[in-house]
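These notes are about the structure you will find just below.
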Amino acid sequence: MSLVLKFSLFFFFLLLNISNSFSAEKQEKLLKQSWSFDGFFGKFDRASLQRGYQVYTEVCSSCHSMNLLSYRNLSEAGGPSFSEEEVKAIASKVEVLDGPNDKGEMFRRPGKPSDKFTSPFPNEKAARAANGGAYPPDMSVLVKARAGGPDYIYSILMGYDDKPPKGIKLEDGVYYNKYMPGNKIKMAQPLNKDSVNYSDGTLATQEQLAKDVVTFLTWASEPHLEARKRIGFKTVFYLLILTVLVYLVKKKIWLSVEPKV
Amino acid sequence: MSGKDSDLNSNNIKPVHTNKVGGSPFKGVVGWIDNRLPIIRMFKYEYLDFQVPKNLSYLWSLGGILMICLIFLIVTGLVLGMHYKPSSTEAFISVEKIMRDVNYGWLLRYAHMNFASFFFIAVYIHIFRGLYYGSYKEPRQLMWLIGIVIFFMMMATAFLGYTLPWGQMSYWGATVITNLFSAVPLVGKAIVTWLWGDYSVGDSTLNRFYVLHWLLAFGILGVVIFHVIALHIVGSNNPSGIEPADTRDTVSFAPFTTSKDLFAMLIFLLAFVLITMYAPNYLGHPDNYIPADPLVTPAHIVPEWYFLPFYAILRSIPDKLLGVIAMVSSIAVLGLLPWLDLSKVRSSVFRPIWKQFVFLFVLDFFILMYVGGMPAEGIYVLIARVGTVYWFLFFLVIAPLVSLTEKTLPMPNSIHEYEDWKKQGRIKTFKIF
Ligand code: HEM
């Protein structure tokens, strides 16, 4: 048995190395945070999700879209858990283009929970034009699309430095960031102390803002994370018991072949 | 009347039996069906009474595990296919919709993705088992060859499947691999255009890849059935490499092999569930969550982990055509092994020299896997070349040479004697082996 273990451990560590090697080029060690959603029993911190949503709407959403999410998602289980009333109120604040109506005309109406999050720009070209040629990526799956996931996004948000190391020339609209591949980013530091006014009394430090928005973005990328971990734990538990039972049965069956092994 | 009899006696008339009803060992309704459709007795003979060497180790459980993987892949794939849209504008979004809006869609998709990886983990262990115990030798050569066909088909299916979510790695992986065909002299470019159905990887490519992904998956199932039929003719090899002679050497498939295999499957499933539920994207590449963009080439284009050794072989050769030939031959050469390894002894347990080279080969596999994930520059190129050379040397030179010169260890006469020797410490093996 111990050899089975060693063998599989060896294999997994090897795979571990390999998947790390995919992202071989990042130089700076990421700022590792302990996230509430880490680990076997990880869950999102609801208050943090709600604050993170506020940071996203008030700051990031002026440049970054989130095309895959609908307002209704905000009240679904495992998410920020806004009430349905709150979601209706949130959605009604935006204007969406609908139609054509019976006269064949497009019209504007207040948003509904079933609408997708509105985008800041009508298309990629417009987004680039407004951002010095760089495209602010859609945030729906951004956390999964970067090696390091939540820690990486957090590090980007915290990795700005007004005084870049000597030898690095920054053109107009380009900023120094320790964690961005190549250390240059075309997004101005989006979060500063008190960028957002939290209504629940939480101090809006840069760290707190970054943590909240990353929590929100992680949920957006992986809305069923809590269900996955919950079901995962049950399944592992069930399988473990079954495995032990099957092992005992197997031993008993084989007794007639290998009397004392 | 008498005329008929004399007709039967004449030379060119023989009795026929178009009606073969009968012969079932069962009674009642089951017997009635089995007399007409003999699958129930087939199941009894081939899966309940079937005799299997009693000394099989857990390495022999991988075949059943592979079958489970294939079935799960097909079942999850079928349901994914009901929601997936094979179009370059919708594919990425439809996969995300599966993950978000379809009930337990996230589970389906993550399970399908990770079963593909675990399928390869299992097949690599399975192939290693064959290599180590000489399962490719007489009379199992055809099984070995069928296995290699399955392996090729698995690789094609997984490659096609990986393009379906239409992320950056899907798109660029498909571009790099399909472009390999352009190395074919004269008609290369034409072949590539034909494969793409366009002048670049695009909507029509995705559409046909989706169809072929389906087709090949079921194709694998078909070939697997041949693999199993052949197995039931030649029987299982075993760690001693000695054919069983009597009931002291065997156990019946049920309940002995079934209970043991079930235990192994559960361990395998546990590993699968841990990865799928707690690190579902661990074996994948983050870039595949960036929608495909023909205008932006990723910094490093890397295939899925299970292709890395062969990718390393491909890149180790500076010439494109030769690289492709090397990559394809690195797998095809496995098929020659039954005729390159001339030793009459199957099991490496009795082959002290060959055994070392087999382990070295396994190491080579992992080293190639490692360099396959690294950029093709500097020291990695050198390592990849050395690894590639050993890969081919192992089959083409070492196998025949060692088999002709090696002095094998004394062997017991039967499996039950082998087991006795093991207990006495006269044979040293790893416990799981
Ligand atoms: C031989 C077994 C199979 C293998 C090795 C395999 C492999 C794969 C792989 C590697 C992917 C990409 C996963 C990802 O990154 O998202 C994939 C996707 C997919 N496969 Fe399969 N597959 C198999 C069988 C099937 C079958 C039988 C079907 C349907 C009948 C199917 C339908 C799909 C669909 C719809 C997708 C796209 C959705 C997605 O990306 O998750 N597969 N497959």
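As shown in the structure tokens, the chain order sets the letters A, B, ...; within each chain, residues go from 1, and ligands are also counted from 1 in the order they appear.
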Chain B contacts on chain A, only C-alpha atoms, 6 Å, as a ChimeraX atom specification
/A:144-147,228,232,243,246-247,250
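Around A:Tyr176, within 7 Å and counting only C-alpha atoms, the residues found are A:Tyr160, A:Asp161, A:Pro164, A:Asn183, A:Lys184, A:Ile185, once anything fewer than 4 positions away on its own chain is removed.
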Contacts with ligand 1 at most 6 Å, only C-alpha atoms and all ligand atoms counted, listed as a ChimeraX atom specification
/B:70,73-74,77-78,80-81,84,95,109,113,116,154,157-158,161-162,164-165,214,217
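Those residues that approach B:Phe72 to within 9 Å, counting only C-alpha atoms, are B:Ala111, B:His112, B:Phe115; same-chain residues fewer than 6 positions away are not listed.
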Output N, CA, C and O atoms for every residue in that selection, as a compact mmCIF listing (two decimals), in the first residue's frame.
# COMPACT_ATOMS: atom_id res chain seq x y z
N ALA B 111 -15.97 17.57 -14.64
CA ALA B 111 -15.77 16.12 -14.63
C ALA B 111 -15.23 15.66 -15.99
O ALA B 111 -14.28 14.89 -16.06
N HIS B 112 -15.82 16.18 -17.06
CA HIS B 112 -15.38 15.78 -18.39
C HIS B 112 -13.92 16.16 -18.61
O HIS B 112 -13.10 15.35 -19.05
N PHE B 115 -11.74 13.99 -16.28
CA PHE B 115 -11.73 12.59 -16.67
C PHE B 115 -10.79 12.40 -17.86
O PHE B 115 -10.12 11.37 -17.97
Between B:Leu368, B:Leu145, B:Leu48, B:Ile353, which is the closest to B:Lys407 once you count only C-alpha atoms?
B:Ile353
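If you count only C-alpha atoms and ignore residues fewer than 3 places along the chain from B:Pro53, what sits within 9 Å of it is Leu56, Gly235, Ser236, Asn237, Asn238, Glu243, Pro244, Asp249, Thr250, Val251, Ser252 and Ile415 of chain B.
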Just the selected residues (N, CA, C and O atoms), exported as a PDB file, in the first residue's frame, please.
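See selection.pdb below for the written result:
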ATOM      1  N   LEU B  56      -2.363 -11.472  -9.951  1.00  0.00           N
ATOM      2  CA  LEU B  56      -2.413 -10.140 -10.575  1.00  0.00           C
ATOM      3  C   LEU B  56      -2.249  -9.063  -9.508  1.00  0.00           C
ATOM      4  O   LEU B  56      -2.834  -9.148  -8.436  1.00  0.00           O
ATOM      5  N   GLY B 235      -6.176 -14.301 -22.760  1.00  0.00           N
ATOM      6  CA  GLY B 235      -6.080 -14.320 -21.306  1.00  0.00           C
ATOM      7  C   GLY B 235      -5.115 -13.264 -20.788  1.00  0.00           C
ATOM      8  O   GLY B 235      -4.310 -12.709 -21.534  1.00  0.00           O
ATOM      9  N   SER B 236      -5.197 -13.002 -19.455  1.00  0.00           N
ATOM     10  CA  SER B 236      -4.337 -11.984 -18.859  1.00  0.00           C
ATOM     11  C   SER B 236      -2.936 -12.526 -18.652  1.00  0.00           C
ATOM     12  O   SER B 236      -2.757 -13.682 -18.269  1.00  0.00           O
ATOM     13  N   ASN B 237      -1.966 -11.639 -18.875  1.00  0.00           N
ATOM     14  CA  ASN B 237      -0.599 -11.911 -18.423  1.00  0.00           C
ATOM     15  C   ASN B 237      -0.592 -11.720 -16.904  1.00  0.00           C
ATOM     16  O   ASN B 237      -1.617 -11.399 -16.304  1.00  0.00           O
ATOM     17  N   ASN B 238       0.532 -11.918 -16.257  1.00  0.00           N
ATOM     18  CA  ASN B 238       0.591 -11.699 -14.813  1.00  0.00           C
ATOM     19  C   ASN B 238       2.029 -11.381 -14.416  1.00  0.00           C
ATOM     20  O   ASN B 238       2.936 -11.515 -15.237  1.00  0.00           O
ATOM     21  N   GLU B 243       2.371 -18.586 -17.952  1.00  0.00           N
ATOM     22  CA  GLU B 243       0.956 -18.850 -18.222  1.00  0.00           C
ATOM     23  C   GLU B 243       0.393 -19.766 -17.146  1.00  0.00           C
ATOM     24  O   GLU B 243       1.045 -20.722 -16.721  1.00  0.00           O
ATOM     25  N   PRO B 244      -0.817 -19.498 -16.685  1.00  0.00           N
ATOM     26  CA  PRO B 244      -1.424 -20.387 -15.694  1.00  0.00           C
ATOM     27  C   PRO B 244      -1.675 -21.781 -16.307  1.00  0.00           C
ATOM     28  O   PRO B 244      -1.978 -21.890 -17.494  1.00  0.00           O
ATOM     29  N   ASP B 249      -3.325 -21.963 -10.016  1.00  0.00           N
ATOM     30  CA  ASP B 249      -2.737 -20.716 -10.513  1.00  0.00           C
ATOM     31  C   ASP B 249      -3.760 -19.602 -10.725  1.00  0.00           C
ATOM     32  O   ASP B 249      -3.399 -18.470 -10.968  1.00  0.00           O
ATOM     33  N   THR B 250      -5.030 -19.956 -10.670  1.00  0.00           N
ATOM     34  CA  THR B 250      -6.039 -18.963 -11.069  1.00  0.00           C
ATOM     35  C   THR B 250      -7.103 -18.750  -9.999  1.00  0.00           C
ATOM     36  O   THR B 250      -7.223 -19.532  -9.048  1.00  0.00           O
ATOM     37  N   VAL B 251      -7.845 -17.673 -10.184  1.00  0.00           N
ATOM     38  CA  VAL B 251      -9.076 -17.458  -9.431  1.00  0.00           C
ATOM     39  C   VAL B 251     -10.145 -17.106 -10.458  1.00  0.00           C
ATOM     40  O   VAL B 251      -9.823 -16.769 -11.592  1.00  0.00           O
ATOM     41  N   SER B 252     -11.420 -17.187 -10.055  1.00  0.00           N
ATOM     42  CA  SER B 252     -12.435 -16.796 -11.026  1.00  0.00           C
ATOM     43  C   SER B 252     -12.635 -15.289 -10.948  1.00  0.00           C
ATOM     44  O   SER B 252     -12.462 -14.669  -9.901  1.00  0.00           O
ATOM     45  N   ILE B 415       2.757 -20.470 -11.655  1.00  0.00           N
ATOM     46  CA  ILE B 415       2.399 -19.281 -10.888  1.00  0.00           C
ATOM     47  C   ILE B 415       2.371 -19.587  -9.401  1.00  0.00           C
ATOM     48  O   ILE B 415       2.843 -18.798  -8.585  1.00  0.00           O
TER      49      ILE B 415
END
So that I can see what lies close to stretch 198-205 of chain A, please list as a PDB file with all heavy atoms, in the first residue's frame the residues with an atom at most 10 Å from it, counting only C-alpha atoms and leaving out residues fewer than 6 positions away in the same chain.
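Result file part.pdb:
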ATOM      1  N   ALA A  47     -20.432  39.621   3.413  1.00  0.00           N
ATOM      2  CA  ALA A  47     -20.272  41.074   3.529  1.00  0.00           C
ATOM      3  C   ALA A  47     -19.186  41.542   2.567  1.00  0.00           C
ATOM      4  O   ALA A  47     -19.328  42.563   1.894  1.00  0.00           O
ATOM      5  CB  ALA A  47     -19.909  41.435   4.963  1.00  0.00           C
ATOM      6  N   SER A  48     -18.108  40.749   2.481  1.00  0.00           N
ATOM      7  CA  SER A  48     -17.018  41.107   1.583  1.00  0.00           C
ATOM      8  C   SER A  48     -17.482  41.077   0.124  1.00  0.00           C
ATOM      9  O   SER A  48     -17.124  41.950  -0.673  1.00  0.00           O
ATOM     10  CB  SER A  48     -15.850  40.152   1.801  1.00  0.00           C
ATOM     11  OG  SER A  48     -14.785  40.473   0.949  1.00  0.00           O
ATOM     12  N   ARG A  51     -19.523  44.211  -0.468  1.00  0.00           N
ATOM     13  CA  ARG A  51     -18.640  45.372  -0.591  1.00  0.00           C
ATOM     14  C   ARG A  51     -17.878  45.313  -1.911  1.00  0.00           C
ATOM     15  O   ARG A  51     -17.711  46.314  -2.598  1.00  0.00           O
ATOM     16  CB  ARG A  51     -17.650  45.415   0.587  1.00  0.00           C
ATOM     17  CG  ARG A  51     -18.271  45.781   1.925  1.00  0.00           C
ATOM     18  CD  ARG A  51     -17.189  46.134   2.936  1.00  0.00           C
ATOM     19  NE  ARG A  51     -16.244  45.038   3.154  1.00  0.00           N
ATOM     20  CZ  ARG A  51     -16.362  44.113   4.102  1.00  0.00           C
ATOM     21  NH1 ARG A  51     -17.385  44.147   4.936  1.00  0.00           N
ATOM     22  NH2 ARG A  51     -15.468  43.163   4.224  1.00  0.00           N
ATOM     23  N   GLN A  54     -19.778  46.535  -4.661  1.00  0.00           N
ATOM     24  CA  GLN A  54     -19.803  48.005  -4.646  1.00  0.00           C
ATOM     25  C   GLN A  54     -18.526  48.567  -5.289  1.00  0.00           C
ATOM     26  O   GLN A  54     -18.587  49.481  -6.110  1.00  0.00           O
ATOM     27  CB  GLN A  54     -19.927  48.492  -3.199  1.00  0.00           C
ATOM     28  CG  GLN A  54     -20.243  49.980  -3.091  1.00  0.00           C
ATOM     29  CD  GLN A  54     -20.189  50.479  -1.652  1.00  0.00           C
ATOM     30  OE1 GLN A  54     -20.115  49.686  -0.700  1.00  0.00           O
ATOM     31  NE2 GLN A  54     -20.210  51.781  -1.479  1.00  0.00           N
ATOM     32  N   VAL A  55     -17.374  47.984  -4.954  1.00  0.00           N
ATOM     33  CA  VAL A  55     -16.115  48.445  -5.542  1.00  0.00           C
ATOM     34  C   VAL A  55     -16.151  48.240  -7.053  1.00  0.00           C
ATOM     35  O   VAL A  55     -15.793  49.131  -7.829  1.00  0.00           O
ATOM     36  CB  VAL A  55     -14.897  47.702  -4.942  1.00  0.00           C
ATOM     37  CG1 VAL A  55     -13.598  48.206  -5.583  1.00  0.00           C
ATOM     38  CG2 VAL A  55     -14.850  47.861  -3.440  1.00  0.00           C
ATOM     39  N   LEU A 191      -7.330  51.630  -7.302  1.00  0.00           N
ATOM     40  CA  LEU A 191      -7.811  51.698  -5.925  1.00  0.00           C
ATOM     41  C   LEU A 191      -6.880  52.519  -5.048  1.00  0.00           C
ATOM     42  O   LEU A 191      -5.666  52.316  -5.046  1.00  0.00           O
ATOM     43  CB  LEU A 191      -7.936  50.294  -5.331  1.00  0.00           C
ATOM     44  CG  LEU A 191      -8.979  49.379  -5.970  1.00  0.00           C
ATOM     45  CD1 LEU A 191      -8.924  48.006  -5.332  1.00  0.00           C
ATOM     46  CD2 LEU A 191     -10.374  49.981  -5.854  1.00  0.00           C
ATOM     47  N   ASN A 192      -7.473  53.446  -4.340  1.00  0.00           N
ATOM     48  CA  ASN A 192      -6.742  54.206  -3.325  1.00  0.00           C
ATOM     49  C   ASN A 192      -7.563  54.174  -2.054  1.00  0.00           C
ATOM     50  O   ASN A 192      -8.753  53.859  -2.095  1.00  0.00           O
ATOM     51  CB  ASN A 192      -6.570  55.650  -3.770  1.00  0.00           C
ATOM     52  CG  ASN A 192      -5.625  55.736  -4.955  1.00  0.00           C
ATOM     53  OD1 ASN A 192      -4.445  55.428  -4.845  1.00  0.00           O
ATOM     54  ND2 ASN A 192      -6.161  56.114  -6.101  1.00  0.00           N
ATOM     55  N   LYS A 211      -9.074  43.407  -1.384  1.00  0.00           N
ATOM     56  CA  LYS A 211      -9.528  42.099  -0.930  1.00  0.00           C
ATOM     57  C   LYS A 211     -10.994  41.874  -1.277  1.00  0.00           C
ATOM     58  O   LYS A 211     -11.379  40.817  -1.768  1.00  0.00           O
ATOM     59  CB  LYS A 211      -9.342  42.005   0.589  1.00  0.00           C
ATOM     60  CG  LYS A 211      -8.617  40.750   0.937  1.00  0.00           C
ATOM     61  CD  LYS A 211      -8.297  40.544   2.347  1.00  0.00           C
ATOM     62  CE  LYS A 211      -8.260  39.034   2.458  1.00  0.00           C
ATOM     63  NZ  LYS A 211      -7.567  38.522   3.581  1.00  0.00           N
ATOM     64  N   ASP A 212     -11.798  42.904  -1.034  1.00  0.00           N
ATOM     65  CA  ASP A 212     -13.231  42.772  -1.303  1.00  0.00           C
ATOM     66  C   ASP A 212     -13.503  42.578  -2.793  1.00  0.00           C
ATOM     67  O   ASP A 212     -14.284  41.709  -3.181  1.00  0.00           O
ATOM     68  CB  ASP A 212     -13.974  44.009  -0.783  1.00  0.00           C
ATOM     69  CG  ASP A 212     -13.990  44.059   0.738  1.00  0.00           C
ATOM     70  OD1 ASP A 212     -13.740  42.996   1.356  1.00  0.00           O
ATOM     71  OD2 ASP A 212     -14.229  45.136   1.309  1.00  0.00           O
TER      72      ASP A 212
END
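Nearest to A:Val94 of all the residues A:Glu258, A:Asp172, A:Glu207, A:Asp115 is A:Asp115, based on only C-alpha atoms.
Going from atom CA of B:Ala156 over to atom CA of B:Leu216, you cover 7.8 Å.
Using only C-alpha atoms, the protein and nucleic acid residues lying no more than 9 Å from A:Arg46, apart from those fewer than 4 places from it along its own chain, are Gln50, Arg51, Gly78, Gly79, Pro80 and Ser81 of chain A.
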Each residue of stretch 260-299 of chain B lying at most 12 Å from stretch 198-207 of chain B should get a row with its shortest atom-to-atom pair and the distance in Å to one decimal, counting only C-alpha atoms; could you produce that, ordered by chain and increasing number, as CSV?
residue,atom,partner,partner_atom,distance
B:Ala292,CA,B:Gly202,CA,9.9
B:Asp293,CA,B:Gly202,CA,10.5
B:Pro294,CA,B:Val201,CA,8.6
B:Leu295,CA,B:Ser200,CA,11.9
With C-alpha atoms retained, export the selected residues as a PDB file, in the first residue's frame.
ATOM      1  CA  ALA B 292      -9.750  32.822 -28.614  1.00  0.00           C
ATOM      2  CA  ASP B 293      -8.186  35.804 -30.315  1.00  0.00           C
ATOM      3  CA  PRO B 294      -6.541  35.256 -33.721  1.00  0.00           C
ATOM      4  CA  LEU B 295      -4.661  38.546 -33.349  1.00  0.00           C
TER       5      LEU B 295
END
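DSSP, applied to the backbone of this structure, assigns helix (DSSP H, G or I) to the following residues of stretch 102-169 of chain A: Glu124, Lys125, Ala126, Ala127, Arg128, Ala129, Ala130, Gly149, Pro150, Asp151, Tyr152, Ile153, Tyr154, Ser155, Ile156, Leu157 and Met158 of chain A.
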Export, as a compact mmCIF listing (two decimals), in the first residue's frame, the selected residues with N, CA and C atoms.
# COMPACT_ATOMS: atom_id res chain seq x y z
N GLU A 124 -15.12 46.57 -28.41
CA GLU A 124 -13.72 46.54 -28.01
C GLU A 124 -12.96 47.77 -28.53
N LYS A 125 -13.26 48.17 -29.76
CA LYS A 125 -12.57 49.33 -30.36
C LYS A 125 -12.76 50.57 -29.49
N ALA A 126 -14.02 50.78 -29.05
CA ALA A 126 -14.31 51.95 -28.22
C ALA A 126 -13.55 51.87 -26.90
N ALA A 127 -13.47 50.65 -26.34
CA ALA A 127 -12.78 50.47 -25.08
C ALA A 127 -11.30 50.80 -25.24
N ARG A 128 -10.73 50.35 -26.35
CA ARG A 128 -9.32 50.62 -26.59
C ARG A 128 -9.08 52.11 -26.81
N ALA A 129 -9.97 52.72 -27.57
CA ALA A 129 -9.81 54.14 -27.87
C ALA A 129 -9.78 54.96 -26.58
N ALA A 130 -10.58 54.53 -25.60
CA ALA A 130 -10.67 55.30 -24.37
C ALA A 130 -9.54 54.98 -23.40
N GLY A 149 -4.48 33.28 -9.94
CA GLY A 149 -5.88 33.58 -9.61
C GLY A 149 -6.05 34.79 -8.71
N PRO A 150 -6.78 34.61 -7.59
CA PRO A 150 -7.08 35.73 -6.71
C PRO A 150 -5.82 36.45 -6.20
N ASP A 151 -4.79 35.69 -5.88
CA ASP A 151 -3.57 36.33 -5.38
C ASP A 151 -2.95 37.24 -6.44
N TYR A 152 -3.06 36.80 -7.68
CA TYR A 152 -2.48 37.62 -8.77
C TYR A 152 -3.23 38.93 -8.90
N ILE A 153 -4.56 38.87 -8.94
CA ILE A 153 -5.35 40.09 -9.10
C ILE A 153 -5.08 41.03 -7.93
N TYR A 154 -5.07 40.44 -6.73
CA TYR A 154 -4.79 41.25 -5.54
C TYR A 154 -3.43 41.92 -5.68
N SER A 155 -2.43 41.16 -6.12
CA SER A 155 -1.08 41.70 -6.24
C SER A 155 -1.03 42.84 -7.25
N ILE A 156 -1.74 42.66 -8.38
CA ILE A 156 -1.77 43.73 -9.39
C ILE A 156 -2.32 45.01 -8.75
N LEU A 157 -3.41 44.85 -8.00
CA LEU A 157 -4.04 46.04 -7.43
C LEU A 157 -3.14 46.72 -6.40
N MET A 158 -2.26 45.93 -5.74
CA MET A 158 -1.39 46.48 -4.71
C MET A 158 0.02 46.75 -5.24
Closest contacts (stretch 291-367 of chain B/stretch 125-134 of chain B, max 9 Å, only C-alpha atoms) as a tab-separated table:
residue	atom	partner	partner_atom	distance
B:Pro338	CA	B:Gly134	CA	8.5
B:Asp341	CA	B:Gly134	CA	9.0
B:Val345	CA	B:Gly134	CA	7.9
B:Arg346	CA	B:Gly134	CA	4.4
B:Ser347	CA	B:Tyr133	CA	4.1
B:Ser348	CA	B:Tyr133	CA	5.6
B:Val349	CA	B:Tyr133	CA	7.7
B:Trp354	CA	B:Tyr132	CA	8.9
B:Lys355	CA	B:Tyr132	CA	7.2
B:Val358	CA	B:Tyr132	CA	6.7
B:Phe359	CA	B:Tyr132	CA	8.6
B:Val362	CA	B:Phe128	CA	7.9
From a DSSP pass on the backbone, collect the residues of stretch 31-244 of chain A flagged as strand (DSSP E) and hand them back as a PyMOL selection string.
chain A and resi 95-98+107-110+175-176+184-185
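When atom CA of A:Gly104 is paired with atom CA of A:Lys116, their separation reads 22.5 Å.
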